[in-house]
>>> print(open('target_0.txt').read())   # compact mmCIF, C-alpha atoms
# COMPACT_ATOMS: atom_id res chain seq x y z
CA MET C 1 74.56 79.31 -39.97
CA ILE C 2 72.96 80.23 -43.25
CA SER C 3 69.71 81.99 -44.08
CA VAL C 4 67.00 79.73 -45.46
CA ASP C 5 64.80 81.15 -48.21
CA LEU C 6 61.33 81.68 -46.76
CA SER C 7 59.76 79.61 -49.54
CA LYS C 8 61.83 76.63 -48.32
CA ALA C 9 61.37 77.22 -44.58
CA TYR C 10 58.61 74.56 -44.34
CA ARG C 11 61.26 71.94 -45.10
CA LEU C 12 62.84 72.57 -41.71
CA LEU C 13 59.69 71.15 -40.06
CA ASN C 14 58.13 69.00 -42.79
CA HIS C 15 59.61 65.70 -41.54
CA GLY C 16 58.15 66.16 -38.06
CA PRO C 17 60.97 67.08 -35.65
CA THR C 18 60.39 67.92 -32.02
CA ILE C 19 61.24 71.57 -31.42
CA LEU C 20 62.12 74.02 -28.69
CA VAL C 21 59.90 77.10 -28.50
CA SER C 22 61.49 80.17 -26.97
CA SER C 23 59.78 83.42 -26.08
CA ALA C 24 60.58 86.70 -24.36
CA HIS C 25 58.79 89.80 -23.16
CA ASN C 26 59.66 92.74 -20.99
CA GLY C 27 62.99 91.34 -19.78
CA LYS C 28 61.68 87.83 -19.14
CA ARG C 29 62.37 84.82 -21.34
CA ASN C 30 61.50 81.14 -21.34
CA ILE C 31 61.76 77.98 -23.40
CA MET C 32 59.79 74.74 -23.74
CA ALA C 33 59.80 71.59 -25.87
CA ALA C 34 57.00 70.90 -28.36
CA ALA C 35 56.52 67.74 -30.38
CA TRP C 36 53.19 69.06 -31.64
CA ASN C 37 54.21 71.38 -34.44
CA VAL C 38 53.58 71.29 -38.18
CA PRO C 39 53.89 73.49 -41.26
CA LEU C 40 50.65 75.14 -42.37
CA ASP C 41 51.54 77.01 -45.56
CA PHE C 42 54.39 77.47 -48.01
CA ASP C 43 54.79 81.10 -48.96
CA PRO C 44 54.48 83.16 -46.91
CA PRO C 45 55.31 80.26 -44.62
CA LYS C 46 53.04 79.59 -41.68
CA MET C 47 53.27 76.95 -38.98
CA ILE C 48 51.21 75.54 -36.13
CA VAL C 49 52.39 74.78 -32.63
CA VAL C 50 50.33 73.49 -29.70
CA ILE C 51 51.17 75.29 -26.45
CA ASP C 52 49.48 74.38 -23.19
CA LYS C 53 47.69 77.11 -21.22
CA ASN C 54 49.79 76.42 -18.13
CA THR C 55 53.12 77.20 -19.74
CA TYR C 56 55.10 80.31 -18.96
CA THR C 57 56.34 80.25 -22.56
CA ARG C 58 52.75 80.83 -23.68
CA GLU C 59 52.34 83.80 -21.37
CA LEU C 60 55.37 85.45 -22.96
CA ILE C 61 54.23 84.54 -26.48
CA GLU C 62 50.81 86.08 -25.93
CA ALA C 63 52.37 89.21 -24.44
CA SER C 64 54.94 89.67 -27.22
CA GLY C 65 53.07 88.25 -30.21
CA THR C 66 56.20 86.43 -31.30
CA LEU C 67 57.99 83.12 -30.77
CA ALA C 68 61.15 81.40 -31.92
CA ILE C 69 61.38 77.82 -33.14
CA ASN C 70 64.69 76.04 -32.48
CA VAL C 71 65.17 72.61 -34.06
CA PRO C 72 67.36 70.57 -31.70
CA CYS C 73 69.48 67.54 -32.52
CA VAL C 74 70.65 64.20 -31.11
CA ALA C 75 73.49 65.84 -29.18
CA GLN C 76 70.87 67.84 -27.24
CA ILE C 77 68.40 65.09 -26.26
CA ASP C 78 69.09 65.25 -22.53
CA MET C 79 68.74 69.03 -22.59
CA VAL C 80 65.50 68.86 -24.57
CA GLN C 81 64.04 66.40 -22.09
CA LYS C 82 65.02 68.57 -19.12
CA VAL C 83 63.69 71.73 -20.75
CA GLY C 84 60.50 69.84 -21.60
CA SER C 85 59.83 68.58 -18.09
CA SER C 86 60.36 71.70 -15.98
CA SER C 87 58.67 75.09 -15.72
CA GLY C 88 60.42 78.43 -15.76
CA ARG C 89 57.51 80.20 -14.09
CA ASP C 90 58.76 79.89 -10.53
CA LEU C 91 62.44 80.61 -11.06
CA LYS C 92 63.44 83.71 -9.10
CA ASP C 93 66.21 85.95 -10.43
CA SER C 94 66.99 83.28 -13.01
CA ASP C 95 65.45 81.47 -15.98
CA LYS C 96 65.61 78.10 -17.73
CA PHE C 97 68.40 79.29 -20.02
CA ALA C 98 70.59 79.92 -16.97
CA GLN C 99 69.33 76.81 -15.17
CA PHE C 100 70.34 74.53 -18.04
CA ALA C 101 73.34 76.59 -19.21
CA LEU C 102 71.83 77.23 -22.64
CA LYS C 103 73.84 79.58 -24.77
CA THR C 104 71.75 81.83 -26.98
CA PHE C 105 72.13 84.34 -29.75
CA ALA C 106 69.89 87.16 -30.86
CA ALA C 107 67.13 86.80 -33.40
CA LYS C 108 66.87 89.53 -36.02
CA GLN C 109 63.17 90.33 -36.18
CA ILE C 110 61.88 89.21 -32.78
CA ILE C 111 63.18 89.41 -29.23
CA ALA C 112 62.95 85.71 -28.31
CA PRO C 113 66.47 84.25 -28.04
CA LEU C 114 67.73 81.48 -30.35
CA VAL C 115 69.53 78.48 -28.86
CA GLU C 116 73.08 77.60 -29.86
CA GLY C 117 73.77 74.04 -30.94
CA CYS C 118 70.39 73.58 -32.64
CA VAL C 119 70.37 72.85 -36.37
CA ALA C 120 67.63 75.20 -37.56
CA TRP C 121 65.79 78.27 -36.33
CA LEU C 122 62.58 80.02 -37.38
CA GLU C 123 61.55 83.48 -36.21
CA CYS C 124 57.76 83.68 -36.05
CA LYS C 125 54.98 86.22 -35.51
CA VAL C 126 51.72 84.93 -34.08
CA ILE C 127 48.62 85.31 -36.22
CA PRO C 128 46.03 85.99 -33.51
CA GLU C 129 43.29 83.36 -33.49
CA PRO C 130 41.69 83.57 -30.03
CA HIS C 131 39.25 80.71 -30.62
CA ASN C 132 42.02 78.28 -31.59
CA GLN C 133 44.26 79.47 -28.77
CA ASN C 134 41.56 79.25 -26.10
CA ILE C 135 39.79 76.08 -27.16
CA TYR C 136 42.62 74.01 -28.63
CA ASP C 137 45.89 75.58 -27.33
CA LEU C 138 46.61 75.92 -31.05
CA PHE C 139 48.85 78.76 -32.22
CA ILE C 140 49.27 79.79 -35.84
CA ALA C 141 52.35 81.82 -36.70
CA GLU C 142 53.95 83.31 -39.76
CA VAL C 143 57.61 82.52 -40.27
CA VAL C 144 59.46 85.81 -40.90
CA ALA C 145 63.05 84.52 -40.95
CA ALA C 146 64.69 81.09 -41.04
CA TYR C 147 68.23 79.78 -40.64
CA ALA C 148 69.99 76.44 -40.59
CA ASP C 149 73.33 74.87 -39.76
CA GLU C 150 74.80 74.55 -43.24
CA ARG C 151 76.64 71.36 -42.31
CA VAL C 152 73.25 69.57 -42.37
CA PHE C 153 70.87 71.81 -44.38
CA SER C 154 71.62 73.73 -47.56
CA ASN C 155 69.97 74.45 -50.91
CA GLY C 156 66.63 73.50 -49.37
CA HIS C 157 67.68 69.99 -48.33
CA TRP C 158 68.76 68.20 -45.17
CA HIS C 159 71.96 66.13 -45.48
CA PHE C 160 72.91 64.46 -42.21
CA GLU C 161 75.44 61.96 -43.59
CA GLY C 162 78.54 62.10 -41.42
CA TYR C 163 76.74 64.17 -38.75
CA ASP C 164 74.76 61.67 -36.69
CA GLU C 165 74.91 63.93 -33.62
CA LEU C 166 73.19 66.68 -35.62
CA ARG C 167 70.24 64.59 -36.78
CA THR C 168 66.84 65.99 -35.84
CA ILE C 169 64.91 64.24 -33.06
CA HIS C 170 61.32 63.04 -33.05
CA HIS C 171 59.73 62.43 -29.66
CA VAL C 172 57.42 59.46 -29.11
CA ALA C 173 56.80 59.55 -25.34
CA GLY C 174 58.64 59.42 -22.02
CA GLY C 175 61.95 60.80 -23.25
CA SER C 176 62.21 58.32 -26.12
CA PHE C 177 63.13 59.88 -29.45
CA PHE C 178 63.76 58.64 -32.97
CA ALA C 179 66.60 60.29 -34.83
CA SER C 180 65.84 61.11 -38.44
CA GLY C 181 67.10 58.03 -40.24
CA GLU C 182 67.94 56.66 -43.63
CA VAL C 183 66.98 58.66 -46.72
CA HIS C 184 64.67 57.01 -49.26
CA GLN C 185 63.89 58.57 -52.61
CA ALA C 186 60.65 57.61 -54.30
CA SER C 187 61.31 56.34 -57.80
CA HIS C 188 58.37 58.19 -59.30
CA SER C 189 59.10 61.62 -57.90
CA ASP C 190 58.75 64.68 -60.09
CA MET D 191 46.68 44.26 -36.20
CA ILE D 192 45.94 45.24 -32.64
CA SER D 193 43.70 47.90 -31.16
CA VAL D 194 45.55 50.87 -29.67
CA ASP D 195 44.13 52.36 -26.51
CA LEU D 196 42.73 55.78 -27.37
CA SER D 197 44.80 57.43 -24.65
CA LYS D 198 47.93 56.22 -26.49
CA ALA D 199 46.74 56.97 -30.03
CA TYR D 200 48.73 60.24 -30.18
CA ARG D 201 51.92 58.15 -30.12
CA LEU D 202 51.13 56.88 -33.61
CA LEU D 203 51.65 60.44 -34.94
CA ASN D 204 53.81 62.10 -32.27
CA HIS D 205 57.10 61.51 -34.11
CA GLY D 206 55.88 63.22 -37.27
CA PRO D 207 55.22 60.57 -39.92
CA THR D 208 53.77 61.37 -43.31
CA ILE D 209 50.30 59.82 -43.60
CA LEU D 210 47.72 58.77 -46.13
CA VAL D 211 44.26 60.27 -45.64
CA SER D 212 41.38 58.24 -47.02
CA SER D 213 37.75 59.29 -47.28
CA ALA D 214 34.49 58.00 -48.68
CA HIS D 215 30.94 59.20 -49.26
CA ASN D 216 27.97 57.98 -51.19
CA GLY D 217 29.81 55.18 -52.99
CA LYS D 218 32.87 57.29 -53.87
CA ARG D 219 36.24 57.01 -52.16
CA ASN D 220 39.62 58.66 -52.44
CA ILE D 221 43.04 58.85 -50.81
CA MET D 222 45.85 61.44 -50.58
CA ALA D 223 49.21 61.86 -48.86
CA ALA D 224 49.66 64.44 -46.08
CA ALA D 225 52.92 65.35 -44.39
CA TRP D 226 51.16 68.15 -42.53
CA ASN D 227 49.53 66.33 -39.65
CA VAL D 228 50.03 66.54 -35.89
CA PRO D 229 48.38 65.40 -32.66
CA LEU D 230 46.30 68.06 -30.91
CA ASP D 231 45.12 66.42 -27.68
CA PHE D 232 45.60 63.26 -25.63
CA ASP D 233 42.28 61.99 -24.33
CA PRO D 234 39.93 62.09 -26.07
CA PRO D 235 42.58 62.17 -28.78
CA LYS D 236 42.35 64.85 -31.42
CA MET D 237 44.58 65.52 -34.40
CA ILE D 238 45.13 68.15 -37.08
CA VAL D 239 45.60 67.57 -40.78
CA VAL D 240 46.01 70.19 -43.51
CA ILE D 241 43.98 69.36 -46.61
CA ASP D 242 44.04 71.57 -49.68
CA LYS D 243 40.77 72.92 -51.06
CA ASN D 244 41.40 71.41 -54.47
CA THR D 245 41.56 67.82 -53.26
CA TYR D 246 38.83 65.31 -53.96
CA THR D 247 39.64 63.72 -50.61
CA ARG D 248 38.53 66.94 -48.93
CA GLU D 249 35.23 66.97 -50.80
CA LEU D 250 34.46 63.48 -49.47
CA ILE D 251 35.62 64.38 -45.95
CA GLU D 252 33.38 67.43 -45.84
CA ALA D 253 30.44 65.41 -47.15
CA SER D 254 30.90 62.50 -44.75
CA GLY D 255 32.34 64.28 -41.70
CA THR D 256 34.90 61.51 -41.28
CA LEU D 257 38.36 60.55 -42.45
CA ALA D 258 40.83 57.73 -41.96
CA ILE D 259 44.53 58.15 -41.22
CA ASN D 260 46.81 55.41 -42.55
CA VAL D 261 50.47 55.50 -41.45
CA PRO D 262 52.54 54.08 -44.32
CA CYS D 263 56.02 52.59 -44.16
CA VAL D 264 59.29 52.33 -46.10
CA ALA D 265 57.98 49.46 -48.22
CA GLN D 266 55.25 51.79 -49.52
CA ILE D 267 57.27 54.88 -50.44
CA ASP D 268 56.72 54.62 -54.19
CA MET D 269 53.00 54.11 -53.65
CA VAL D 270 52.80 57.08 -51.26
CA GLN D 271 54.54 59.32 -53.78
CA LYS D 272 52.20 58.22 -56.58
CA VAL D 273 49.10 58.63 -54.42
CA GLY D 274 50.41 62.04 -53.35
CA SER D 275 50.99 63.36 -56.85
CA SER D 276 47.76 62.44 -58.64
CA SER D 277 44.10 63.36 -58.28
CA GLY D 278 41.21 60.93 -58.09
CA ARG D 279 38.69 63.55 -59.14
CA ASP D 280 38.75 62.83 -62.83
CA LEU D 281 38.84 59.04 -62.76
CA LYS D 282 35.76 57.64 -64.47
CA ASP D 283 34.33 54.29 -63.30
CA SER D 284 37.46 53.83 -61.18
CA ASP D 285 39.32 55.37 -58.25
CA LYS D 286 42.87 55.75 -56.93
CA PHE D 287 42.60 52.52 -54.94
CA ALA D 288 41.99 50.60 -58.17
CA GLN D 289 44.49 52.71 -60.13
CA PHE D 290 47.32 51.91 -57.72
CA ALA D 291 46.10 48.41 -56.77
CA LEU D 292 45.67 49.35 -53.10
CA LYS D 293 44.09 46.64 -51.01
CA THR D 294 41.82 47.92 -48.28
CA PHE D 295 39.86 46.68 -45.31
CA ALA D 296 36.83 48.13 -43.59
CA ALA D 297 37.01 50.61 -40.74
CA LYS D 298 34.68 49.95 -37.82
CA GLN D 299 33.17 53.35 -37.04
CA ILE D 300 33.53 55.22 -40.32
CA ILE D 301 33.09 54.35 -43.97
CA ALA D 302 36.50 55.47 -45.27
CA PRO D 303 38.59 52.41 -46.20
CA LEU D 304 41.84 51.52 -44.44
CA VAL D 305 44.90 50.60 -46.50
CA GLU D 306 46.60 47.23 -46.12
CA GLY D 307 50.35 47.21 -45.58
CA CYS D 308 50.37 50.38 -43.49
CA VAL D 309 51.60 50.13 -39.90
CA ALA D 310 48.94 52.15 -38.07
CA TRP D 311 45.43 53.41 -38.66
CA LEU D 312 43.23 56.02 -36.97
CA GLU D 313 39.50 56.41 -37.57
CA CYS D 314 38.53 60.06 -37.16
CA LYS D 315 35.43 62.25 -37.00
CA VAL D 316 35.82 65.86 -38.08
CA ILE D 317 35.14 68.55 -35.48
CA PRO D 318 33.59 71.20 -37.71
CA GLU D 319 35.60 74.43 -37.64
CA PRO D 320 34.56 76.33 -40.78
CA HIS D 321 36.92 79.26 -40.19
CA ASN D 322 39.97 76.99 -39.91
CA GLN D 323 38.88 74.88 -42.86
CA ASN D 324 38.15 77.84 -45.13
CA ILE D 325 41.03 80.14 -44.20
CA TYR D 326 43.83 77.67 -43.41
CA ASP D 327 42.77 74.31 -44.96
CA LEU D 328 43.12 73.11 -41.37
CA PHE D 329 40.97 70.19 -40.22
CA ILE D 330 40.59 69.15 -36.59
CA ALA D 331 39.35 65.62 -35.97
CA GLU D 332 38.66 63.40 -33.00
CA VAL D 333 40.23 59.95 -33.13
CA VAL D 334 37.51 57.38 -32.38
CA ALA D 335 39.47 54.18 -33.01
CA ALA D 336 43.14 53.32 -33.54
CA TYR D 337 45.06 50.22 -34.59
CA ALA D 338 48.65 49.24 -35.28
CA ASP D 339 50.71 46.43 -36.75
CA GLU D 340 51.82 44.69 -33.58
CA ARG D 341 55.14 43.70 -35.13
CA VAL D 342 56.21 47.34 -34.79
CA PHE D 343 53.85 48.94 -32.21
CA SER D 344 52.59 47.42 -28.97
CA ASN D 345 52.05 48.49 -25.37
CA GLY D 346 52.09 52.10 -26.49
CA HIS D 347 55.54 51.96 -28.09
CA TRP D 348 57.05 51.68 -31.55
CA HIS D 349 59.73 48.99 -31.95
CA PHE D 350 61.08 48.80 -35.48
CA GLU D 351 64.20 46.73 -34.77
CA GLY D 352 64.38 43.95 -37.36
CA TYR D 353 61.63 45.54 -39.47
CA ASP D 354 63.36 48.24 -41.50
CA GLU D 355 60.76 47.96 -44.29
CA LEU D 356 58.04 48.81 -41.76
CA ARG D 357 59.63 52.00 -40.45
CA THR D 358 57.47 55.10 -40.72
CA ILE D 359 58.38 57.67 -43.36
CA HIS D 360 58.83 61.41 -43.00
CA HIS D 361 58.61 63.48 -46.17
CA VAL D 362 60.94 66.42 -46.73
CA ALA D 363 60.20 67.43 -50.33
CA GLY D 364 60.20 66.07 -53.86
CA GLY D 365 59.70 62.42 -52.97
CA SER D 366 62.59 62.37 -50.49
CA PHE D 367 61.73 60.75 -47.17
CA PHE D 368 63.56 60.00 -43.93
CA ALA D 369 62.79 56.68 -42.33
CA SER D 370 62.36 56.83 -38.57
CA GLY D 371 65.86 56.05 -37.34
CA GLU D 372 67.84 55.14 -34.29
CA VAL D 373 66.14 55.30 -30.88
CA HIS D 374 67.64 57.59 -28.25
CA GLN D 375 66.46 57.61 -24.66
CA ALA D 376 66.99 60.78 -22.63
CA SER D 377 68.86 60.00 -19.43
CA HIS D 378 66.66 62.28 -17.33
CA SER D 379 63.30 60.97 -18.43
CA ASP D 380 60.56 60.38 -15.89
>>> encode(input="target_0.txt", output="structure tokens")
Amino acid sequence: MISVDLSKAYRLLNHGPTILVSSAHNGKRNIMAAAWNVPLDFDPPKMIVVIDKNTYTRELIEASGTLAINVPCVAQIDMVQKVGSSSGRDLKDSDKFAQFALKTFAAKQIIAPLVEGCVAWLECKVIPEPHNQNIYDLFIAEVVAAYADERVFSNGHWHFEGYDELRTIHHVAGGSFFASGEVHQASHSD
Amino acid sequence: MISVDLSKAYRLLNHGPTILVSSAHNGKRNIMAAAWNVPLDFDPPKMIVVIDKNTYTRELIEASGTLAINVPCVAQIDMVQKVGSSSGRDLKDSDKFAQFALKTFAAKQIIAPLVEGCVAWLECKVIPEPHNQNIYDLFIAEVVAAYADERVFSNGHWHFEGYDELRTIHHVAGGSFFASGEVHQASHSD
């Protein structure tokens, strides 16, 4: 795991991967899947994620003011689908991390746990925007730290060759995902 | 080209493709590339796109209250990069469509032109949110019509097998794109 320069953190999300959002507050923690995420600014980096009002993850985000983005990979598709189709709200004396045997490690600037086996991680602080949150379920957050698995991301670029199981995943619907595929370089790029 | 049911329109963007945004007003038209787009709601479908204040496309969107989303494909990467790295503001007696020889066809509910050779199209009406637009360059729009190239999208699903040149493209940075890749189906899907 390597640190990603904050000015390059948008590149972890720019190609549209589905993510896992984790949150924690007051001894409770939860995690959900979110295809609806997008970068919003470069430096300082900001990002958007859409989080339904019914989710327990949202309750913990609103209480803590922070969230973690985990970028999962092909090897984790079944886990992502299970995490994305169950709620942690009603689990007694347990949580979704225990339920799905997710190993975690500590973030540095926020309390939400980061998920092992993902290929990138962003620690985020919510920029409060009550209108967007209430009307659109739209959360804006500033990225305060970012990391990646250096086997597939370094020097500001993804490089998945030889690591098909670590490719990012892009949900369409119903548990069907595209892996990030072949690289194409425009001939007129700067 | 087939119509896409509005309740399934989010699936055209759910996997994170880079798009072309076209706009028109009062006899002027323009087009730009936008990696920063994401669905926001299912039905009626809404979407988000981030559009810099300096763009001519934005000026025409704000004047007309509408925009068109065109989802380009691998065959168009060089065009997308050129469209994305030039401004139409200073073209006299011409526009970017003429400059880059882009063929277009008419939308049905808005005046922005749709680009031939793309694989999906969404006609959108802006939901005015001045705070988001001014502070974050964030536009929220309702999708009022959607279409796709039926060779690669039908019955609510993408199917690119045999059409590698029509795969959607996902920009990372500097003219480097991933094509949408291999399909993976979660084993625990509903």
>>> interface_residues(input="target_0.txt", of="chain D", to="chain C", cutoff="8 Å", atoms="all atoms listed in the file", output="count of residues only")
42
>>> atom_distance(input="target_0.txt", atom1="CA of Ala214 (chain D)", atom2="CA of Lys298 (chain D)")
13.5 Å
>>> closest_residue(input="target_0.txt", among="C:Ser86, C:Ser154, C:Asn30, C:Asn70", to="Glu116 (chain C)", atoms="only C-alpha atoms")
C:Asn70
>>> axis_aligned_box(input="target_0.txt", around="region 335-343 of chain D", padding_each_side="6 Å", output="AutoDock Vina command-line options")
--center_x 47.8 --center_y 48.9 --center_z -34.5 --size_x 28.7 --size_y 22.5 --size_z 16.5
>>> residues_around(input="target_0.txt", residues="Ser197 (chain D)", least_positions_apart="4", cutoff="8 Å", atoms="all atoms listed in the file", output="mmCIF file with C-alpha atoms, keeping the file's coordinate frame")
data_model
loop_
_atom_site.group_PDB
_atom_site.id
_atom_site.type_symbol
_atom_site.label_atom_id
_atom_site.label_comp_id
_atom_site.auth_asym_id
_atom_site.auth_seq_id
_atom_site.Cartn_x
_atom_site.Cartn_y
_atom_site.Cartn_z
ATOM 1 C CA PHE D 232 45.600 63.260 -25.630
ATOM 2 C CA ASP D 233 42.280 61.990 -24.330
ATOM 3 C CA PRO D 234 39.930 62.090 -26.070
ATOM 4 C CA PRO D 235 42.580 62.170 -28.780
#
>>> residues_near_point(input="target_0.txt", point="(58.0, 87.0, -26.4)", cutoff="9 Å", atoms="all atoms listed in the file", output="list in words")
Ser22, Ser23, Ala24, His25, Asn26, Lys28, Arg29, Asn30, Thr57, Arg58, Glu59, Leu60, Ile61, Glu62, Ala63, Ser64, Gly65, Thr66, Leu67, Ala68, Ile110, Ile111 and Ala112 of chain C
>>> atom_distance(input="target_0.txt", atom1="CA of Lys293 (chain D)", atom2="CA of Ile317 (chain D)")
28.3 Å
>>> atom_distance(input="target_0.txt", atom1="CA of Ile325 (chain D)", atom2="CA of Asp52 (chain C)")
23.4 Å
>>> closest_residue(input="target_0.txt", among="D:Tyr246, D:Phe350, D:Phe295, D:Trp311", to="Ala335 (chain D)", atoms="all atoms listed in the file")
D:Trp311
>>> decode(input="target_0.txt", residues="region 30-87 of chain C", atoms="C-alpha atoms", output="PDB file, in the first residue's frame")
ATOM      1  CA  ASN C  30     -21.055  -0.314   8.794  1.00  0.00           C
ATOM      2  CA  ILE C  31     -20.333  -0.685   5.095  1.00  0.00           C
ATOM      3  CA  MET C  32     -22.330  -0.457   1.867  1.00  0.00           C
ATOM      4  CA  ALA C  33     -21.732  -0.601  -1.891  1.00  0.00           C
ATOM      5  CA  ALA C  34     -22.163   2.506  -4.060  1.00  0.00           C
ATOM      6  CA  ALA C  35     -21.974   2.647  -7.836  1.00  0.00           C
ATOM      7  CA  TRP C  36     -23.052   6.284  -7.748  1.00  0.00           C
ATOM      8  CA  ASN C  37     -19.836   8.093  -6.953  1.00  0.00           C
ATOM      9  CA  VAL C  38     -17.774  10.601  -8.913  1.00  0.00           C
ATOM     10  CA  PRO C  39     -14.893  13.024  -8.445  1.00  0.00           C
ATOM     11  CA  LEU C  40     -15.920  16.661  -7.986  1.00  0.00           C
ATOM     12  CA  ASP C  41     -12.657  18.596  -7.783  1.00  0.00           C
ATOM     13  CA  PHE C  42      -8.917  18.121  -8.175  1.00  0.00           C
ATOM     14  CA  ASP C  43      -7.033  19.897  -5.435  1.00  0.00           C
ATOM     15  CA  PRO C  44      -8.076  19.838  -2.708  1.00  0.00           C
ATOM     16  CA  PRO C  45      -9.825  16.743  -4.002  1.00  0.00           C
ATOM     17  CA  LYS C  46     -13.553  16.435  -3.475  1.00  0.00           C
ATOM     18  CA  MET C  47     -15.923  13.652  -4.430  1.00  0.00           C
ATOM     19  CA  ILE C  48     -19.646  12.937  -4.560  1.00  0.00           C
ATOM     20  CA  VAL C  49     -21.396   9.818  -3.375  1.00  0.00           C
ATOM     21  CA  VAL C  50     -25.143   9.110  -3.366  1.00  0.00           C
ATOM     22  CA  ILE C  51     -26.277   7.449  -0.130  1.00  0.00           C
ATOM     23  CA  ASP C  52     -29.882   6.458   0.428  1.00  0.00           C
ATOM     24  CA  LYS C  53     -31.711   7.774   3.500  1.00  0.00           C
ATOM     25  CA  ASN C  54     -32.543   4.260   4.675  1.00  0.00           C
ATOM     26  CA  THR C  55     -28.954   3.115   5.017  1.00  0.00           C
ATOM     27  CA  TYR C  56     -27.287   2.568   8.359  1.00  0.00           C
ATOM     28  CA  THR C  57     -24.025   3.674   6.736  1.00  0.00           C
ATOM     29  CA  ARG C  58     -25.575   7.107   6.223  1.00  0.00           C
ATOM     30  CA  GLU C  59     -26.622   7.355   9.847  1.00  0.00           C
ATOM     31  CA  LEU C  60     -23.024   6.787  10.921  1.00  0.00           C
ATOM     32  CA  ILE C  61     -21.673   9.186   8.283  1.00  0.00           C
ATOM     33  CA  GLU C  62     -23.982  11.963   9.426  1.00  0.00           C
ATOM     34  CA  ALA C  63     -23.073  11.333  13.062  1.00  0.00           C
ATOM     35  CA  SER C  64     -19.312  11.245  12.467  1.00  0.00           C
ATOM     36  CA  GLY C  65     -18.960  13.658   9.545  1.00  0.00           C
ATOM     37  CA  THR C  66     -16.554  11.261   7.869  1.00  0.00           C
ATOM     38  CA  LEU C  67     -16.573   8.293   5.493  1.00  0.00           C
ATOM     39  CA  ALA C  68     -14.080   5.957   3.880  1.00  0.00           C
ATOM     40  CA  ILE C  69     -14.064   4.960   0.221  1.00  0.00           C
ATOM     41  CA  ASN C  70     -12.715   1.483  -0.551  1.00  0.00           C
ATOM     42  CA  VAL C  71     -12.235   0.581  -4.223  1.00  0.00           C
ATOM     43  CA  PRO C  72     -12.875  -3.161  -4.560  1.00  0.00           C
ATOM     44  CA  CYS C  73     -11.682  -5.500  -7.296  1.00  0.00           C
ATOM     45  CA  VAL C  74     -12.718  -8.531  -9.355  1.00  0.00           C
ATOM     46  CA  ALA C  75     -11.635 -10.947  -6.616  1.00  0.00           C
ATOM     47  CA  GLN C  76     -14.210  -9.319  -4.308  1.00  0.00           C
ATOM     48  CA  ILE C  77     -17.303  -9.259  -6.544  1.00  0.00           C
ATOM     49  CA  ASP C  78     -19.308 -11.773  -4.523  1.00  0.00           C
ATOM     50  CA  MET C  79     -18.496  -9.896  -1.327  1.00  0.00           C
ATOM     51  CA  VAL C  80     -19.428  -6.546  -2.862  1.00  0.00           C
ATOM     52  CA  GLN C  81     -22.763  -7.929  -3.999  1.00  0.00           C
ATOM     53  CA  LYS C  82     -23.511  -9.364  -0.555  1.00  0.00           C
ATOM     54  CA  VAL C  83     -22.477  -6.170   1.219  1.00  0.00           C
ATOM     55  CA  GLY C  84     -24.604  -4.216  -1.255  1.00  0.00           C
ATOM     56  CA  SER C  85     -27.773  -6.238  -0.748  1.00  0.00           C
ATOM     57  CA  SER C  86     -27.993  -6.473   3.040  1.00  0.00           C
ATOM     58  CA  SER C  87     -28.426  -3.993   5.874  1.00  0.00           C
TER      59      SER C  87
END
